[in-house]
Amino acid sequence: SDLIVLEIDMDDPNLATNMMQHMMMDGDSTLEQYFSDTDYQKLDEELQTHAGMGVAMINKMKPLLVMSMLVKKYVGAQPASYELSFVKLSEENKKEILGLETVADQMAVFDEIPYQAQADDISQMLNDEKRYTTLFKEMIKLYKAEDVEALYNIFTDYYGDQGQVLDLVLHDRNRKWIPKIGEYAKEQSVFFGVGAGHLGGDEGVLNLLEEAGYT
């Protein structure tokens with residue numbers, strides 16, 4: 001491939017700065033406001049154990065980003081980053097990396113979901129370890145089996161009646177990516193890498209590309 005395209009441009013020298021600008025909640029919001037005292041204490045303990053820092057250090061971070069810091073507990077290890085693997089490959093092979101969306105685009109998703117709803121997801125995770133351990137193990141199993149339809153069904157089951165959240169996290173972004181994929185692929189060979197949850201379903205990238213005439 002002549003070009004690598006990921007969800008965001010992972011070799012952008014301004015990536016870390018851009019992410020820092022968009023990771024924090026608006027205004028005076030803090031995590032402490034959205035949790036019971038008991039759950040806030042649990043969150044602090046889990047972060048210290050699995051992320052090496054207490055909640056006080058990230059008290060203004062958007063809850064869904066904090067949730068990602070707890071994944072290690074449920075999968076038994078820190079998940080490997082495919083993005084960082086591609087950055088390494090691109091450096092070794094002198095390939096350029098570009099993105100389907102900007103950091104601002106991606107972080108804006110977290111602003112559309114109420115902070116309380118994000119925090120409630122964390123509280124559920126903290127108080128139902130068995131369910132989430134089983135959920136993450138099943139997701140890893142399906143990912144390794146490359147069963148994108150079954151993996152997508154896990155997302156639809158998880159969000160249940162929160163269809164608007166599924167639209168924000170997956171569907172809306174998928175639709176925006178299709179014309180960009182077409183533009184990138186018009187005159188060069190391109191490797192595209194996005195999260196597996198974006199691939200399955202009627203509104204997944206694979207089906208949308210087929211509907212747009214790509215094979």
# chains A, B, ... in the order shown; residues from 1 in each chain; ligands from 1
$ residues_around --residues "Glu32 (chain A)" --least-positions-apart "2" --cutoff "12 Å" --atoms "only C-alpha atoms" --output "list in words"
Asp28, Ser29, Thr30, Tyr34, Phe35, Ser36, Asp37, Thr38, Asp39, Tyr40, Gln41, Lys42, Leu43, Asp44, Val55, Ala56, Met57, Ile58, Asn59, Lys60, Met61, Lys62, Pro63, Tyr115, Gln116 and Ala119 of chain A
$ select_by_dssp --residues "region 8-121 of chain A" --states "strand (DSSP E)" --output "ChimeraX atom specification"
/A:96-99
$ atom_distance --atom1 "CA of Thr49 (chain A)" --atom2 "CA of Glu83 (chain A)"
25.2 Å
$ residues_around --residues "Thr215 (chain A)" --least-positions-apart "6" --cutoff "10 Å" --atoms "only C-alpha atoms" --output "JSON, numbers by chain"
{"A": [206, 207, 209]}
$ closest_atom_pairs --of "region 33-129 of chain A" --to "region 170-173 of chain A" --cutoff "10 Å" --atoms "only C-alpha atoms" --output "CSV"
residue,atom,partner,partner_atom,distance
A:Leu100,CA,A:Arg173,CA,9.2
A:Glu101,CA,A:Arg173,CA,8.6
A:Asp105,CA,A:Arg173,CA,9.1
A:Gln106,CA,A:Arg173,CA,8.7
A:Val109,CA,A:Arg173,CA,9.3
$ write_last_selection --atoms "C-alpha atoms" --output "CSV table (one decimal), in the first residue's frame"
chain,number,residue,atom,x,y,z
A,100,LEU,CA,-10.7,9.6,8.5
A,101,GLU,CA,-11.5,12.1,11.2
A,105,ASP,CA,-14.3,14.9,15.6
A,106,GLN,CA,-13.6,11.9,17.7
A,109,VAL,CA,-18.7,12.2,20.4
$ residues_around --residues "Asp147 (chain A)" --least-positions-apart "5" --cutoff "10 Å" --atoms "only C-alpha atoms" --output "PyMOL selection string"
chain A and resi 139+141-142+152+196+199-200
$ select_by_dssp --residues "chain A" --states "alpha helix (DSSP H)" --output "short mmCIF file (atom, residue, chain, number, x, y, z; two decimals) with N, CA, C and O atoms, in the first residue's frame"
data_model
loop_
_atom_site.label_atom_id
_atom_site.label_comp_id
_atom_site.auth_asym_id
_atom_site.auth_seq_id
_atom_site.Cartn_x
_atom_site.Cartn_y
_atom_site.Cartn_z
N LEU A 15 -0.57 15.44 17.76
CA LEU A 15 -1.61 14.54 18.26
C LEU A 15 -1.81 14.66 19.76
O LEU A 15 -2.93 14.82 20.24
N ALA A 16 -0.73 14.56 20.52
CA ALA A 16 -0.84 14.59 21.98
C ALA A 16 -1.42 15.91 22.47
O ALA A 16 -2.29 15.93 23.36
N THR A 17 -0.98 17.00 21.87
CA THR A 17 -1.50 18.31 22.26
C THR A 17 -2.98 18.42 21.96
O THR A 17 -3.77 18.90 22.78
N ASN A 18 -3.38 17.96 20.77
CA ASN A 18 -4.79 18.02 20.37
C ASN A 18 -5.66 17.17 21.29
O ASN A 18 -6.78 17.56 21.66
N MET A 19 -5.15 16.01 21.67
CA MET A 19 -5.92 15.14 22.56
C MET A 19 -6.09 15.76 23.93
O MET A 19 -7.18 15.72 24.52
N MET A 20 -5.03 16.37 24.44
CA MET A 20 -5.12 17.01 25.75
C MET A 20 -6.15 18.13 25.77
O MET A 20 -6.83 18.36 26.77
N GLN A 21 -6.28 18.82 24.63
CA GLN A 21 -7.23 19.93 24.55
C GLN A 21 -8.68 19.46 24.59
O GLN A 21 -9.57 20.24 24.92
N HIS A 22 -8.92 18.19 24.27
CA HIS A 22 -10.30 17.72 24.15
C HIS A 22 -10.67 16.62 25.14
O HIS A 22 -11.78 16.10 25.11
N ASP A 37 -20.69 8.41 46.57
CA ASP A 37 -19.43 8.38 47.32
C ASP A 37 -18.79 6.99 47.26
O ASP A 37 -17.57 6.86 47.11
N THR A 38 -19.63 5.96 47.34
CA THR A 38 -19.12 4.58 47.30
C THR A 38 -18.47 4.26 45.97
O THR A 38 -17.36 3.71 45.90
N ASP A 39 -19.15 4.61 44.87
CA ASP A 39 -18.61 4.31 43.53
C ASP A 39 -17.39 5.16 43.21
O ASP A 39 -16.47 4.71 42.53
N TYR A 40 -17.38 6.38 43.72
CA TYR A 40 -16.21 7.24 43.50
C TYR A 40 -14.98 6.65 44.19
O TYR A 40 -13.88 6.65 43.63
N GLN A 41 -15.19 6.11 45.39
CA GLN A 41 -14.09 5.46 46.11
C GLN A 41 -13.63 4.20 45.37
O GLN A 41 -12.43 3.94 45.24
N LYS A 42 -14.60 3.42 44.85
CA LYS A 42 -14.26 2.22 44.07
C LYS A 42 -13.46 2.61 42.83
O LYS A 42 -12.47 1.94 42.49
N LEU A 43 -13.89 3.67 42.17
CA LEU A 43 -13.19 4.12 40.97
C LEU A 43 -11.76 4.51 41.30
O LEU A 43 -10.82 4.16 40.57
N ASP A 44 -11.58 5.22 42.41
CA ASP A 44 -10.23 5.62 42.83
C ASP A 44 -9.35 4.40 43.06
O ASP A 44 -8.19 4.35 42.61
N GLU A 45 -9.88 3.40 43.74
CA GLU A 45 -9.11 2.19 44.04
C GLU A 45 -8.75 1.42 42.77
O GLU A 45 -7.62 0.94 42.62
N GLU A 46 -9.71 1.31 41.85
CA GLU A 46 -9.46 0.57 40.60
C GLU A 46 -8.43 1.29 39.73
O GLU A 46 -7.57 0.66 39.10
N LEU A 47 -8.50 2.61 39.68
CA LEU A 47 -7.53 3.36 38.89
C LEU A 47 -6.14 3.23 39.47
O LEU A 47 -5.16 3.10 38.73
N GLN A 48 -6.04 3.28 40.79
CA GLN A 48 -4.73 3.11 41.41
C GLN A 48 -4.14 1.74 41.11
O GLN A 48 -2.94 1.61 40.84
N THR A 49 -4.99 0.72 41.13
CA THR A 49 -4.54 -0.65 40.89
C THR A 49 -4.19 -0.90 39.43
O THR A 49 -3.15 -1.52 39.13
N HIS A 50 -5.03 -0.42 38.52
CA HIS A 50 -4.90 -0.82 37.11
C HIS A 50 -4.36 0.27 36.19
O HIS A 50 -3.98 -0.01 35.05
N PRO A 63 -15.78 10.94 31.29
CA PRO A 63 -15.91 9.60 31.87
C PRO A 63 -15.63 8.45 30.90
O PRO A 63 -15.02 7.45 31.31
N LEU A 64 -16.05 8.54 29.64
CA LEU A 64 -15.81 7.42 28.72
C LEU A 64 -14.32 7.19 28.49
O LEU A 64 -13.90 6.05 28.25
N LEU A 65 -13.53 8.24 28.58
CA LEU A 65 -12.08 8.07 28.46
C LEU A 65 -11.52 7.39 29.71
O LEU A 65 -10.60 6.58 29.63
N VAL A 66 -12.10 7.72 30.86
CA VAL A 66 -11.69 7.07 32.11
C VAL A 66 -12.05 5.59 32.04
O VAL A 66 -11.28 4.72 32.47
N MET A 67 -13.21 5.29 31.46
CA MET A 67 -13.65 3.90 31.34
C MET A 67 -12.62 3.06 30.58
O MET A 67 -12.36 1.91 30.94
N SER A 68 -12.01 3.65 29.57
CA SER A 68 -11.03 2.91 28.77
C SER A 68 -9.79 2.55 29.59
O SER A 68 -9.07 1.60 29.27
N VAL A 71 -10.07 -1.06 31.37
CA VAL A 71 -10.23 -2.27 30.57
C VAL A 71 -9.25 -3.36 31.00
O VAL A 71 -9.58 -4.56 30.99
N LYS A 72 -8.05 -2.97 31.39
CA LYS A 72 -7.02 -3.94 31.78
C LYS A 72 -7.54 -4.92 32.83
O LYS A 72 -7.23 -6.12 32.80
N LYS A 73 -8.36 -4.44 33.74
CA LYS A 73 -8.88 -5.30 34.81
C LYS A 73 -9.71 -6.45 34.25
O LYS A 73 -9.65 -7.57 34.74
N TYR A 74 -10.45 -6.17 33.18
CA TYR A 74 -11.43 -7.14 32.69
C TYR A 74 -10.86 -8.07 31.61
O TYR A 74 -11.45 -9.11 31.33
N VAL A 75 -9.76 -7.69 31.01
CA VAL A 75 -9.16 -8.56 29.98
C VAL A 75 -7.88 -9.22 30.48
O VAL A 75 -7.29 -10.05 29.79
N TYR A 82 -3.42 -1.43 18.03
CA TYR A 82 -3.12 -1.65 16.62
C TYR A 82 -2.65 -0.36 15.97
O TYR A 82 -1.82 -0.38 15.05
N GLU A 83 -3.14 0.78 16.47
CA GLU A 83 -2.70 2.06 15.89
C GLU A 83 -1.20 2.25 16.04
O GLU A 83 -0.51 2.66 15.10
N LEU A 84 -0.70 1.98 17.25
CA LEU A 84 0.74 2.16 17.49
C LEU A 84 1.56 1.18 16.66
O LEU A 84 2.67 1.50 16.23
N SER A 85 1.00 -0.01 16.43
CA SER A 85 1.69 -0.99 15.58
C SER A 85 1.82 -0.46 14.16
O SER A 85 2.86 -0.61 13.51
N PHE A 86 0.76 0.19 13.68
CA PHE A 86 0.80 0.73 12.32
C PHE A 86 1.73 1.94 12.23
O PHE A 86 2.37 2.16 11.19
N VAL A 87 1.80 2.72 13.29
CA VAL A 87 2.74 3.84 13.30
C VAL A 87 4.16 3.31 13.17
O VAL A 87 4.97 3.85 12.38
N LYS A 88 4.47 2.25 13.90
CA LYS A 88 5.80 1.65 13.82
C LYS A 88 6.08 1.13 12.42
O LYS A 88 7.16 1.35 11.85
N LEU A 89 5.10 0.43 11.83
CA LEU A 89 5.27 -0.10 10.48
C LEU A 89 5.45 1.02 9.46
O LEU A 89 6.25 0.91 8.52
N SER A 90 4.68 2.10 9.64
CA SER A 90 4.78 3.20 8.69
C SER A 90 6.16 3.86 8.75
O SER A 90 6.71 4.26 7.72
N GLU A 91 6.72 3.95 9.95
CA GLU A 91 8.05 4.53 10.11
C GLU A 91 9.11 3.63 9.46
O GLU A 91 10.01 4.10 8.76
N GLU A 92 8.96 2.32 9.67
CA GLU A 92 9.93 1.37 9.12
C GLU A 92 9.89 1.33 7.60
O GLU A 92 10.92 1.13 6.94
N ASN A 93 8.69 1.51 7.04
CA ASN A 93 8.52 1.41 5.59
C ASN A 93 8.33 2.76 4.91
O ASN A 93 8.03 2.82 3.70
N VAL A 103 -8.99 14.49 15.76
CA VAL A 103 -9.14 14.27 17.20
C VAL A 103 -10.38 15.00 17.71
O VAL A 103 -11.16 14.46 18.51
N ALA A 104 -10.59 16.22 17.22
CA ALA A 104 -11.75 17.01 17.63
C ALA A 104 -13.05 16.29 17.25
O ALA A 104 -14.01 16.27 18.03
N ASP A 105 -13.09 15.70 16.05
CA ASP A 105 -14.27 14.95 15.62
C ASP A 105 -14.53 13.79 16.58
O ASP A 105 -15.67 13.56 17.01
N GLN A 106 -13.48 13.05 16.89
CA GLN A 106 -13.63 11.86 17.71
C GLN A 106 -14.04 12.23 19.13
O GLN A 106 -14.93 11.61 19.72
N MET A 107 -13.41 13.25 19.69
CA MET A 107 -13.71 13.64 21.06
C MET A 107 -15.09 14.29 21.17
O MET A 107 -15.72 14.27 22.24
N ALA A 108 -15.58 14.86 20.07
CA ALA A 108 -16.90 15.49 20.09
C ALA A 108 -18.00 14.48 20.39
O ALA A 108 -19.06 14.82 20.94
N VAL A 109 -17.76 13.22 20.06
CA VAL A 109 -18.72 12.16 20.36
C VAL A 109 -18.99 12.12 21.86
O VAL A 109 -20.14 11.96 22.31
N PHE A 110 -17.94 12.29 22.66
CA PHE A 110 -18.08 12.20 24.12
C PHE A 110 -18.85 13.40 24.68
O PHE A 110 -19.36 13.33 25.80
N ASP A 111 -18.93 14.47 23.92
CA ASP A 111 -19.67 15.64 24.38
C ASP A 111 -21.16 15.51 24.08
O ASP A 111 -21.99 16.21 24.68
N GLU A 112 -21.51 14.63 23.12
CA GLU A 112 -22.91 14.44 22.76
C GLU A 112 -23.62 13.50 23.73
O GLU A 112 -24.85 13.51 23.82
N TYR A 115 -22.64 13.50 30.46
CA TYR A 115 -21.60 12.99 31.36
C TYR A 115 -22.17 12.02 32.38
O TYR A 115 -21.51 11.05 32.75
N GLN A 116 -23.40 12.27 32.83
CA GLN A 116 -24.00 11.36 33.81
C GLN A 116 -24.19 9.97 33.22
O GLN A 116 -23.94 8.96 33.89
N ALA A 117 -24.63 9.91 31.96
CA ALA A 117 -24.81 8.61 31.30
C ALA A 117 -23.47 7.88 31.15
O ALA A 117 -23.38 6.66 31.33
N GLN A 118 -22.42 8.64 30.84
CA GLN A 118 -21.08 8.04 30.75
C GLN A 118 -20.63 7.49 32.09
O GLN A 118 -20.10 6.38 32.18
N ALA A 119 -20.86 8.27 33.14
CA ALA A 119 -20.46 7.86 34.49
C ALA A 119 -21.27 6.64 34.95
O ALA A 119 -20.74 5.75 35.62
N ASP A 120 -22.54 6.60 34.57
CA ASP A 120 -23.38 5.46 34.94
C ASP A 120 -22.84 4.16 34.34
O ASP A 120 -22.92 3.10 34.97
N ASP A 121 -22.30 4.24 33.12
CA ASP A 121 -21.69 3.06 32.51
C ASP A 121 -20.50 2.56 33.34
O ASP A 121 -20.30 1.36 33.50
N ILE A 122 -19.72 3.52 33.84
CA ILE A 122 -18.58 3.14 34.68
C ILE A 122 -19.06 2.50 35.98
O ILE A 122 -18.51 1.49 36.44
N SER A 123 -20.10 3.06 36.57
CA SER A 123 -20.64 2.51 37.82
C SER A 123 -21.11 1.08 37.62
O SER A 123 -20.88 0.20 38.47
N GLN A 124 -21.77 0.82 36.48
CA GLN A 124 -22.20 -0.55 36.18
C GLN A 124 -20.99 -1.47 36.08
O GLN A 124 -21.01 -2.60 36.57
N MET A 125 -19.94 -1.00 35.44
CA MET A 125 -18.73 -1.80 35.28
C MET A 125 -18.11 -2.09 36.64
O MET A 125 -17.68 -3.22 36.91
N LEU A 126 -18.06 -1.09 37.51
CA LEU A 126 -17.45 -1.26 38.83
C LEU A 126 -18.23 -2.24 39.71
O LEU A 126 -17.64 -2.90 40.57
N ASN A 127 -19.54 -2.32 39.48
CA ASN A 127 -20.39 -3.10 40.38
C ASN A 127 -20.85 -4.44 39.80
O ASN A 127 -21.63 -5.15 40.44
N GLU A 129 -18.54 -6.93 38.02
CA GLU A 129 -17.27 -7.39 37.43
C GLU A 129 -17.46 -8.64 36.58
O GLU A 129 -16.88 -8.77 35.50
N LYS A 130 -18.28 -9.57 37.05
CA LYS A 130 -18.47 -10.83 36.33
C LYS A 130 -19.03 -10.59 34.93
O LYS A 130 -18.56 -11.17 33.95
N ARG A 131 -20.05 -9.73 34.85
CA ARG A 131 -20.68 -9.46 33.55
C ARG A 131 -19.67 -8.86 32.58
O ARG A 131 -19.59 -9.28 31.41
N TYR A 132 -18.89 -7.89 33.04
CA TYR A 132 -17.97 -7.20 32.13
C TYR A 132 -16.75 -8.05 31.77
O TYR A 132 -16.23 -7.95 30.66
N THR A 133 -16.32 -8.88 32.69
CA THR A 133 -15.23 -9.80 32.37
C THR A 133 -15.66 -10.75 31.27
O THR A 133 -14.94 -10.99 30.29
N THR A 134 -16.89 -11.29 31.40
CA THR A 134 -17.44 -12.18 30.38
C THR A 134 -17.62 -11.45 29.06
O THR A 134 -17.30 -12.00 27.99
N LEU A 135 -18.11 -10.22 29.12
CA LEU A 135 -18.34 -9.42 27.91
C LEU A 135 -17.05 -9.18 27.14
O LEU A 135 -16.98 -9.40 25.92
N PHE A 136 -16.01 -8.75 27.85
CA PHE A 136 -14.75 -8.45 27.17
C PHE A 136 -14.08 -9.72 26.63
O PHE A 136 -13.50 -9.70 25.54
N LYS A 137 -14.20 -10.82 27.35
CA LYS A 137 -13.63 -12.07 26.86
C LYS A 137 -14.32 -12.52 25.58
O LYS A 137 -13.69 -13.01 24.64
N GLU A 138 -15.64 -12.35 25.53
CA GLU A 138 -16.39 -12.71 24.32
C GLU A 138 -16.01 -11.81 23.15
O GLU A 138 -15.87 -12.27 22.01
N MET A 139 -15.83 -10.52 23.42
CA MET A 139 -15.43 -9.59 22.37
C MET A 139 -14.06 -9.95 21.80
O MET A 139 -13.84 -9.93 20.58
N ILE A 140 -13.13 -10.32 22.68
CA ILE A 140 -11.79 -10.71 22.23
C ILE A 140 -11.86 -11.99 21.39
O ILE A 140 -11.21 -12.11 20.35
N LYS A 141 -12.68 -12.94 21.84
CA LYS A 141 -12.86 -14.20 21.10
C LYS A 141 -13.39 -13.92 19.69
O LYS A 141 -12.88 -14.47 18.70
N LEU A 142 -14.41 -13.07 19.58
CA LEU A 142 -15.00 -12.76 18.28
C LEU A 142 -14.04 -11.96 17.40
O LEU A 142 -14.00 -12.14 16.19
N TYR A 143 -13.27 -11.08 18.03
CA TYR A 143 -12.28 -10.30 17.29
C TYR A 143 -11.24 -11.22 16.67
O TYR A 143 -10.90 -11.09 15.49
N LYS A 144 -10.75 -12.17 17.45
CA LYS A 144 -9.75 -13.10 16.94
C LYS A 144 -10.32 -14.00 15.85
O LYS A 144 -9.61 -14.40 14.92
N VAL A 148 -17.14 -10.15 12.53
CA VAL A 148 -17.52 -8.75 12.74
C VAL A 148 -19.02 -8.59 12.97
O VAL A 148 -19.44 -7.65 13.65
N GLU A 149 -19.83 -9.49 12.42
CA GLU A 149 -21.28 -9.38 12.62
C GLU A 149 -21.65 -9.70 14.07
O GLU A 149 -22.44 -8.99 14.69
N ALA A 150 -21.08 -10.77 14.60
CA ALA A 150 -21.36 -11.12 15.99
C ALA A 150 -20.82 -10.06 16.94
O ALA A 150 -21.43 -9.74 17.97
N LEU A 151 -19.67 -9.49 16.59
CA LEU A 151 -19.09 -8.43 17.41
C LEU A 151 -19.99 -7.20 17.41
O LEU A 151 -20.23 -6.59 18.46
N TYR A 152 -20.51 -6.86 16.24
CA TYR A 152 -21.44 -5.73 16.14
C TYR A 152 -22.69 -6.00 16.97
O TYR A 152 -23.21 -5.09 17.65
N ASN A 153 -23.17 -7.23 16.97
CA ASN A 153 -24.37 -7.57 17.74
C ASN A 153 -24.14 -7.39 19.23
O ASN A 153 -25.08 -7.06 19.98
N ILE A 154 -22.92 -7.57 19.69
CA ILE A 154 -22.61 -7.32 21.10
C ILE A 154 -22.83 -5.84 21.42
O ILE A 154 -23.38 -5.49 22.47
N PHE A 155 -22.41 -4.97 20.51
CA PHE A 155 -22.63 -3.53 20.72
C PHE A 155 -24.11 -3.20 20.76
O PHE A 155 -24.56 -2.43 21.62
N THR A 156 -24.89 -3.77 19.84
CA THR A 156 -26.32 -3.46 19.82
C THR A 156 -27.01 -3.99 21.07
O THR A 156 -27.90 -3.34 21.63
N ASP A 157 -26.59 -5.17 21.54
CA ASP A 157 -27.17 -5.72 22.77
C ASP A 157 -26.78 -4.87 23.98
O ASP A 157 -27.60 -4.62 24.87
N TYR A 158 -25.53 -4.42 24.00
CA TYR A 158 -25.04 -3.64 25.14
C TYR A 158 -25.79 -2.31 25.26
O TYR A 158 -26.22 -1.92 26.36
N TYR A 159 -25.95 -1.63 24.14
CA TYR A 159 -26.60 -0.32 24.20
C TYR A 159 -28.12 -0.43 24.28
O TYR A 159 -28.78 0.52 24.70
N GLY A 163 -30.27 3.63 21.36
CA GLY A 163 -29.90 3.64 19.94
C GLY A 163 -29.16 4.89 19.53
O GLY A 163 -28.31 4.85 18.64
N GLN A 164 -29.49 6.01 20.17
CA GLN A 164 -28.84 7.27 19.80
C GLN A 164 -27.35 7.24 20.14
O GLN A 164 -26.54 7.86 19.45
N VAL A 165 -26.99 6.51 21.19
CA VAL A 165 -25.58 6.39 21.55
C VAL A 165 -24.84 5.55 20.51
O VAL A 165 -23.73 5.89 20.09
N LEU A 166 -25.46 4.46 20.07
CA LEU A 166 -24.87 3.62 19.04
C LEU A 166 -24.68 4.41 17.75
O LEU A 166 -23.67 4.26 17.06
N ASP A 172 -23.04 7.13 12.78
CA ASP A 172 -22.83 8.46 12.21
C ASP A 172 -21.42 8.60 11.67
O ASP A 172 -21.20 9.16 10.58
N ARG A 173 -20.47 8.09 12.41
CA ARG A 173 -19.07 8.18 11.99
C ARG A 173 -18.83 7.32 10.75
O ARG A 173 -18.13 7.73 9.82
N ASN A 174 -19.42 6.13 10.72
CA ASN A 174 -19.27 5.25 9.56
C ASN A 174 -19.71 5.96 8.27
O ASN A 174 -19.02 5.91 7.25
N ARG A 175 -20.88 6.60 8.35
CA ARG A 175 -21.41 7.27 7.15
C ARG A 175 -20.50 8.41 6.69
O ARG A 175 -20.32 8.63 5.48
N LYS A 176 -19.92 9.12 7.63
CA LYS A 176 -19.02 10.22 7.27
C LYS A 176 -17.73 9.71 6.65
O LYS A 176 -17.10 10.41 5.85
N TRP A 177 -17.33 8.49 7.00
CA TRP A 177 -16.06 7.96 6.51
C TRP A 177 -16.12 7.50 5.05
O TRP A 177 -15.10 7.51 4.36
N ILE A 178 -17.31 7.09 4.58
CA ILE A 178 -17.40 6.47 3.24
C ILE A 178 -16.87 7.38 2.13
O ILE A 178 -16.03 6.96 1.33
N PRO A 179 -17.33 8.63 2.03
CA PRO A 179 -16.77 9.49 0.96
C PRO A 179 -15.28 9.75 1.13
O PRO A 179 -14.55 9.88 0.14
N LYS A 180 -14.80 9.79 2.37
CA LYS A 180 -13.38 10.01 2.60
C LYS A 180 -12.56 8.80 2.17
O LYS A 180 -11.47 8.94 1.61
N ILE A 181 -13.10 7.60 2.43
CA ILE A 181 -12.44 6.39 1.96
C ILE A 181 -12.32 6.42 0.44
O ILE A 181 -11.28 6.09 -0.13
N GLY A 182 -13.40 6.82 -0.23
CA GLY A 182 -13.38 6.91 -1.68
C GLY A 182 -12.36 7.89 -2.20
O GLY A 182 -11.66 7.62 -3.20
N GLU A 183 -12.23 9.03 -1.53
CA GLU A 183 -11.26 10.04 -1.96
C GLU A 183 -9.83 9.54 -1.80
O GLU A 183 -9.00 9.69 -2.69
N TYR A 184 -9.55 8.93 -0.65
CA TYR A 184 -8.19 8.44 -0.40
C TYR A 184 -7.80 7.35 -1.40
O TYR A 184 -6.64 7.26 -1.83
N ALA A 185 -8.78 6.49 -1.72
CA ALA A 185 -8.47 5.32 -2.55
C ALA A 185 -8.54 5.60 -4.06
O ALA A 185 -8.28 4.71 -4.86
N VAL A 205 -19.26 -0.18 8.03
CA VAL A 205 -18.43 0.31 6.93
C VAL A 205 -18.46 -0.65 5.73
O VAL A 205 -18.56 -0.22 4.58
N LEU A 206 -18.42 -1.95 5.99
CA LEU A 206 -18.37 -2.91 4.88
C LEU A 206 -19.64 -2.83 4.04
O LEU A 206 -19.59 -2.79 2.80
N ASN A 207 -20.81 -2.81 4.69
CA ASN A 207 -22.06 -2.74 3.95
C ASN A 207 -22.25 -1.38 3.26
O ASN A 207 -22.74 -1.31 2.13
N LEU A 208 -21.86 -0.32 3.95
CA LEU A 208 -22.00 1.01 3.36
C LEU A 208 -21.12 1.16 2.12
O LEU A 208 -21.52 1.80 1.14
N LEU A 209 -19.93 0.59 2.16
CA LEU A 209 -19.06 0.62 0.99
C LEU A 209 -19.67 -0.16 -0.18
O LEU A 209 -19.64 0.29 -1.32
N GLU A 210 -20.27 -1.29 0.14
CA GLU A 210 -20.92 -2.09 -0.90
C GLU A 210 -22.09 -1.31 -1.51
O GLU A 210 -22.27 -1.31 -2.74
N GLU A 211 -22.87 -0.66 -0.67
CA GLU A 211 -24.00 0.14 -1.15
C GLU A 211 -23.52 1.31 -2.02
O GLU A 211 -24.23 1.74 -2.94
#
